[in-house]
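Below you'll find the structure, written out as structure tokens, and then a few comments.
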Amino acid sequence: MSGHFLGRKLGQAAVTIVAIVLLNFVLFRLMPGSPDRILLRNPNATPEAIAAIRERWGLDKPLFPDQLVDYIAATARFDLGDSFKFRGQTVGDVILDRVGPTVLLVGLGELISVIVGLAIGAYAGWKRGGVVDRVGSSVSLVLYSMPYFVIGMPLIVILAAGLGWFPTSGMQDVGAETGFVGGLVDLARHLALPLLTVSLGLIGQYSILMRSAIIETRSEDYITTARAKGLPDGRVLRRHAFPNALLPMVTLIAINFGYVIAGAITAEIVFSWPGLGTLTITALSARDYPVLQGIFLLVAISVVIANLLADLVYGVLDPRVRV
Amino acid sequence: MRSARTVKATRFATLFAIAALALPAAVGPAVAKDPVIFTAGTTQDFDSSNPYQTALVSGYEAFQLSFDLLVGFGLDTKPIPGFADKWTRNPDNVTFHIRTGMKWSDGQPADSADACFSWQLALDAHAANANIGLGYLDTGVSDAGVTKVSCPDPETMIAYTTDQSDRIYQVYLPIVPKHIYGKDTYKTIGDEAFNGPLVGTGPYQLAEWKTGQFMRFTRNPNYWGTQGFADEIVLQIFSSSDTMVQALKAGDLQYAHGVNAEQLNALKTAPNIQTVVGAANGWSQLAFNEYGAETGKTIPGGGPSTKALLDPKFRDALGYAVDKKLLLDRVLGGYGDVGSTIVPPVLGDMHVEPDQPRTFDIELAKQKLDAAGYPLDANGKRLDKEGKPIVLRLVMPDSDANYPKAAQFIKDWYGQLGIEVQANVYDSNTLTDLLLPPEAGGKTNLAKYDIELWGWAGNPDPNGLLDIFKCDEIGSLSDSNFCDPAYDALYTQESALSGDARNAVLKTMQNMIYGLAVYDILYYDSNLDAYRTDKFTGLQNMPANGTPLFSYGTFNYTQLKDATAVPTPGPSSAATAAPGTSSAPATPATSATPGDTSSGGSNTTLLIVLLVVVILVVLLAWWYRGRRKSAAADEEG
Amino acid sequence: MSAVAAGTASLRAQRWRIRLAGMRSFASRYARRADGMVGLIVLVLFGVLALFPELFVGPLETATTATGNAFDPPSAAHVFGADDLGRDMLNLTVHGARISMTIGLMATVITLVFGVAIGLISGYAGGKLDNALMRISDFFLVLPTFVLALILAPVLIDIVGVDVQILGIRATLMVIIVVIGITSWAATARIIRSQVLSLKERMFVDRARVIGAGPGRIIMGHILPNVVNLIVANAVLTFASAVLTETTLSFIGLGDPFQPSWGQILNSAQESGAPGLGAWWVIAPPAACVVLVVLCFTLVGNALDDLLNPKSQVRR
């Protein structure tokens, strides 16, 4: 990979992140009446009290350049301010508490759906028109058309509320801590349904994408050659077609990352999973703008980094990309 | 060449796997002990563990577990020992005796210096015309007429008052340890983190707070009173009452606060679960924006959209168009009371029903509007006195799912009078901002609404609720912008009185507000709670027609007993007999009670329906895929 | 003069004839796509429901005109049961079609107007303008659009104020429409641009340029007609994702409780505790409609894409 390519990609990512930071600032500062609106939660607030709090939040300074400069400097220090809703907690603390559960859910969900989705998609594309293709593709298409919460709600009604196999919500039974193994089992029971929801939603997408990638690869010359040479079908798929079809998938999975998080948000809400999704909703209904800002920043930057990584991985795997 | 790529791709996948495997270890709980835990659930997320920064019932519940008030609340909400163990009322003061030998949970001595420090913070704030934190707690001191506190010795605190009322025993000020917060002033204590582990004199101390999940409280080793069976108290947050009810049924939860009517009906037949219908000390109302009715002032770009709202006759006529019984049945499932006057019935003999009640009669409402000078035009629209069609903006907060439901009824009923209603939902902060008139001082405070649908909750003393209608609350608490000096005079008068003399004045005030139709109080809400009886007993309603928890004080947490240790069901049935008497007399008229049996049946139905749908869709798609495939194959072939 | 005019007229007629023939052949090719046809038929049915809900189920039931009791299970009187206010679920679901489809349609229009305009300009102009516009669209492509939509919606509602009505649509819904538009135009712009880039080099564009046609005329008269195919296929897929986004935003609580879209009905179902009460009939009809509509739009979109998009034989 040439330094030029690397530099250009890094530069683009940096510009995007700066733009996100600016967008963040503009979005949340230019709103009418806020954020000092939060003070008015107290109808008894005296003008003196209001002035004091405006000063504390830096709202008494002009928007530009003072507030902007302060904002950028603070963001660079990862200081995102204090939460409006969770008084006495910094945005960093509030968000950090919730990153773990979301990463767990999204990470495992991605892992499962990448493995299962790609396998189904590859097989379906390879044996086009076969039983796996017909069932797999139809189910994938239906899953792809379902919002995550539509997948999740029946799961709760049937598996949790109805049959009682799984807990309906949360991440752990507080107090039911019976050592590390017990805790892990407890976590797994709570994780099962949200994870199933996220995975099902993603499997649909990935298998559809993988199927068409395999179909495209299948028609290429070297595959035809390999098959003509009399190599076993399964071997051609595993050794030749699959790795090559995987190439575009890397980018697609990275681009998809933003949607995965979006899906995870709704899945989290349905299952009260204490991650960034439920935090977003809490912050949204309390108009906790600092926290919303922080979440947006975090998610946007992770998506940018995911894209950057995909570009780099793609660059490593595919020599044609080296410009 | 090709195989090299395969290797790289595999490596990429393992990277994923390692990252995913490493996680559960980081997240999973690692503590191994077996304390007795009492878990109470609510759908209201905590806003702060700092007592001065919470505006929510859940937050109040939390800080009262850690900190004592000077005087606590007993089962009947009457004063019981708190930080002070006894007190005497003198002509110009109340002298509190602080418990001898009491200790903070960290072992430091707790004495009158802590009490004086805590009350002095509020007095300082008021002297500076400021607040502590959000400003909900410190007002209690001035409402009780406290002018000065002094602590002549470690066991005595004297609070000097201007009146003789009992409100001094209801001051919601936590006594916080001076040895920890002593450096703070009223300006800074609101910014303190109050993170666990906290130091207090309450029965259970906050150990940790996981935002959006729970607050965990551990037993205070130095607690002065009797302690309950539970070693730990967990207040758990649920994102919906639905999941909370599931947890209660599954036994993951001991107490659920705030279920809805249908859920309560379903829980009534569930084993080992006691349901409670607690009369709430508050109401939900339509507040009419009467800005300028007294002063003639208007707000450029804001204020009520028509002068008709300033006319008591107009508001009175609207009152006949609301069928409150139907509203109660349909929106609250019958749990609650039909609304009328501004002192809730839960306050007993202080509440009166109006002398001239309005009854539901759309035709009468139309006649009254015609007679008051609001005729219909040719298109069936009601006109105001300026000849403009009346269109009312109805605003409400998004915090209560019942409000949009109630609003639909109001929309329909007013619509039958020829009055269009534009209903909108806001988050609470935006709504507060929008409701306030310019007197509040903000640029965006334009009181730009016509009717507000929201509610209030009060204290054991009705003054908190009566206060809302005073002239000087315009720009502050008032959401009707009502002002009448005669009412203010009555308020001053009743504040100095007690007993029957006070009730007589309260009666005049209630009839005054009802007669002028300042508010149309739709219903007095109820708190619907449910709790398990198989692990803990000892919960009692407080007051008798209230709920055991999320009420006043934290008395019930100290009364928890081991249900399995009780050999006969005697004590447990005694404890659970009380709710029977308190159950709302109103019958849930229309609810279909999807009980356990029917929901089990419908789940099976659902399973079958779902299966059929999925199979059908798959079959269809399969068939068409197949057709499409063969067509494509033909083209390729 | 007149001869020239007559010549142009006949040329125009001829061009129309060719186009008409093309359409006919396209229609017959589309008719052979079974999945596309099924999708189309279902969508037409939903379209009819959305246009004339009163014909099928009467006026929208409100709190006071509700015909059932709270959570009535399905019965002869209420085929789909009743919701927590006793409103007939069939009635609500059919009326929900109108709101969901309207939002989907308007969001699609906004997306296309922006996406197509920017794609055309960017592709035709090239150079610095192209570069700048594509950087911006890159930015929007990378942004986690749903999270952005989540945050934009309340901000816009605060700025606009909810009591405003735009084109007779309440601001809360209008904001959802605009948010979907803002967050999804970039993909359309990209696709259109790449097509314009290849068209720009074609003979007929050069010819038009030689005879002195201005950029506006070339874009509108020569390039736009040649990307219409692409726009149509893209519009259908955009519609599907718009319906999905609307449903999700409403479900989360950013919808308008007074205008029941499918997402909004699901939101009330969740809030009233329907899943735990076993009241599946409040959830199943709107959820099934969303899935069905999105599925059919995807089927139609894929079929159109296969037939119309020169670049992709097999997408998705």
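Simple scheme: letters A, B, ... for chains in structure tokens order, numbers from 1 for residues in each chain, numbers from 1 for ligands in the order shown.
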Pick out the residues sitting within 12 Å of region 36-43 of chain C, and hand them over as a PyMOL selection string; count only C-alpha atoms, and ignore anything fewer than 2 positions along from it in its own chain.
(chain B and resi 617+620-621+623-625+627-628) or (chain C and resi 27-34+45-50+97+101+233+236+239-240+289-307)
Quick check: residues of chain A within 6 Å of chain C, only C-alpha atoms, returned as a PyMOL selection string.
chain A and resi 145-146+157+208-209+212+258+262+300
Skipping near chain neighbours, those fewer than 2 positions away, what residues fall within 6 Å of Pro260 (chain C) using only C-alpha atoms, listed as a PyMOL selection string?
chain C and resi 96+264-265
If you run DSSP on the backbone, which residues of region 105-295 of chain C are alpha helix (DSSP H), as a VMD selection string?
chain C and resid 105 to 125 127 to 142 145 to 160 171 to 200 203 to 210 215 to 217 224 to 249 262 to 271 274 to 277 280 to 295
Just list as a VMD selection string whatever in region 80-237 of chain C DSSP marks as strand (DSSP E or B).
chain C and resid 82 88 165 to 166 169 to 170
8 Å contact set for Ala122 (chain A), only C-alpha atoms, chain neighbours under 2 positions out, as a PyMOL selection string:
chain A and resi 118-120+124-126+207+210-211+214+242
Only N, CA and C atoms, please: the residues just picked out, written as an mmCIF file, in the first residue's frame.
data_model
loop_
_atom_site.group_PDB
_atom_site.id
_atom_site.type_symbol
_atom_site.label_atom_id
_atom_site.label_comp_id
_atom_site.auth_asym_id
_atom_site.auth_seq_id
_atom_site.Cartn_x
_atom_site.Cartn_y
_atom_site.Cartn_z
ATOM 1 N N LEU A 118 -22.949 -14.655 5.736
ATOM 2 C CA LEU A 118 -22.053 -14.898 4.614
ATOM 3 C C LEU A 118 -22.128 -16.352 4.165
ATOM 4 N N ALA A 119 -22.224 -17.269 5.136
ATOM 5 C CA ALA A 119 -22.307 -18.683 4.765
ATOM 6 C C ALA A 119 -23.572 -18.952 3.958
ATOM 7 N N ILE A 120 -24.704 -18.476 4.473
ATOM 8 C CA ILE A 120 -25.966 -18.705 3.749
ATOM 9 C C ILE A 120 -25.907 -18.048 2.370
ATOM 10 N N ALA A 124 -26.090 -19.957 -1.075
ATOM 11 C CA ALA A 124 -27.261 -19.671 -1.903
ATOM 12 C C ALA A 124 -26.839 -19.176 -3.279
ATOM 13 N N GLY A 125 -25.818 -18.319 -3.306
ATOM 14 C CA GLY A 125 -25.366 -17.781 -4.586
ATOM 15 C C GLY A 125 -24.687 -18.851 -5.433
ATOM 16 N N TRP A 126 -23.987 -19.747 -4.759
ATOM 17 C CA TRP A 126 -23.257 -20.796 -5.469
ATOM 18 C C TRP A 126 -24.229 -21.793 -6.088
ATOM 19 N N SER A 207 -26.665 -11.849 3.908
ATOM 20 C CA SER A 207 -26.784 -12.974 2.993
ATOM 21 C C SER A 207 -27.235 -12.484 1.615
ATOM 22 N N MET A 210 -24.069 -11.012 0.074
ATOM 23 C CA MET A 210 -23.075 -12.042 -0.230
ATOM 24 C C MET A 210 -23.528 -12.878 -1.423
ATOM 25 N N ARG A 211 -24.813 -13.125 -1.484
ATOM 26 C CA ARG A 211 -25.337 -13.942 -2.571
ATOM 27 C C ARG A 211 -25.013 -13.284 -3.912
ATOM 28 N N ILE A 214 -21.278 -13.437 -4.726
ATOM 29 C CA ILE A 214 -20.849 -14.763 -5.188
ATOM 30 C C ILE A 214 -21.300 -14.988 -6.631
ATOM 31 N N PHE A 242 -15.257 -17.739 -2.644
ATOM 32 C CA PHE A 242 -15.574 -17.091 -1.375
ATOM 33 C C PHE A 242 -14.597 -15.954 -1.023
#
Please provide the set of residues having any atom within 8 Å of Trp281 (chain C), restricted to only C-alpha atoms, with same-chain residues fewer than 2 positions apart removed, written as a ChimeraX atom specification.
/C:73-74,80-82,89,279,283-285
From the options B:Gln213, B:Ser240, B:Thr275, B:Asn195, which residue's atoms come nearest to chain C, counting only C-alpha atoms?
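Of the candidates, the smallest distance to chain C is held by B:Ser240.
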May I have the residues within 9 Å of Val106 (chain A) as a VMD selection string, using only C-alpha atoms and disregarding those fewer than 4 positions away in the same chain?
chain A and resid 101 to 102 110 to 111 195 198 to 199 260 to 261 264
Using N, CA, C and O atoms, can you export the residues from the last selection as a compact mmCIF listing (two decimals), in the first residue's frame?
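As written to disk, again15.txt reads:
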# COMPACT_ATOMS: atom_id res chain seq x y z
N PRO A 101 -22.14 -2.46 27.07
CA PRO A 101 -23.27 -3.27 26.64
C PRO A 101 -23.54 -3.17 25.13
O PRO A 101 -23.83 -4.18 24.49
N THR A 102 -23.41 -1.96 24.57
CA THR A 102 -23.69 -1.81 23.15
C THR A 102 -22.62 -2.52 22.31
O THR A 102 -22.94 -3.21 21.34
N GLU A 110 -22.69 -8.67 15.06
CA GLU A 110 -21.95 -8.61 13.80
C GLU A 110 -21.27 -9.95 13.54
O GLU A 110 -21.34 -10.48 12.43
N LEU A 111 -20.63 -10.47 14.57
CA LEU A 111 -19.87 -11.71 14.41
C LEU A 111 -20.79 -12.84 13.93
O LEU A 111 -20.51 -13.50 12.92
N LEU A 195 -29.63 -10.20 21.19
CA LEU A 195 -28.61 -10.64 20.24
C LEU A 195 -29.27 -11.33 19.05
O LEU A 195 -28.91 -11.09 17.90
N VAL A 198 -30.77 -8.59 16.78
CA VAL A 198 -29.78 -7.88 15.97
C VAL A 198 -29.23 -8.82 14.89
O VAL A 198 -29.10 -8.44 13.73
N SER A 199 -28.94 -10.06 15.28
CA SER A 199 -28.36 -11.00 14.33
C SER A 199 -29.32 -11.29 13.18
O SER A 199 -28.93 -11.25 12.02
N VAL A 260 -26.09 -0.73 11.60
CA VAL A 260 -26.08 -1.71 12.68
C VAL A 260 -26.36 -1.00 14.00
O VAL A 260 -27.17 -1.44 14.81
N ILE A 261 -25.70 0.14 14.18
CA ILE A 261 -25.90 0.89 15.42
C ILE A 261 -27.34 1.37 15.51
O ILE A 261 -27.99 1.27 16.55
N ALA A 264 -29.37 -1.49 16.46
CA ALA A 264 -29.14 -1.85 17.85
C ALA A 264 -29.92 -0.92 18.77
O ALA A 264 -30.42 -1.34 19.81
Measure the distance from CA of Val71 (chain B) to CA of Trp87 (chain B) in Å and round it to one decimal.
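Value for the CA of Val71 (chain B)-CA of Trp87 (chain B) distance: 9.1 Å.
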Mind giving me the straight-line distance from CA of Asp520 (chain B) to CA of Asp479 (chain B) in Å, one decimal?
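CA of Asp479 (chain B) lies 12.5 Å from CA of Asp520 (chain B).
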Nearest residue to Ser48 (chain B) out of B:Gly442, B:Pro389, B:Gly538, B:Gly212, using only C-alpha atoms?
B:Gly212
Report as a ChimeraX atom specification all protein, DNA and RNA residues lying within 12 Å of Pro485 (chain B), evaluated on only C-alpha atoms, omitting residues in the same chain fewer than 2 positions from it.
/B:294-295,469-472,482-483,487-492
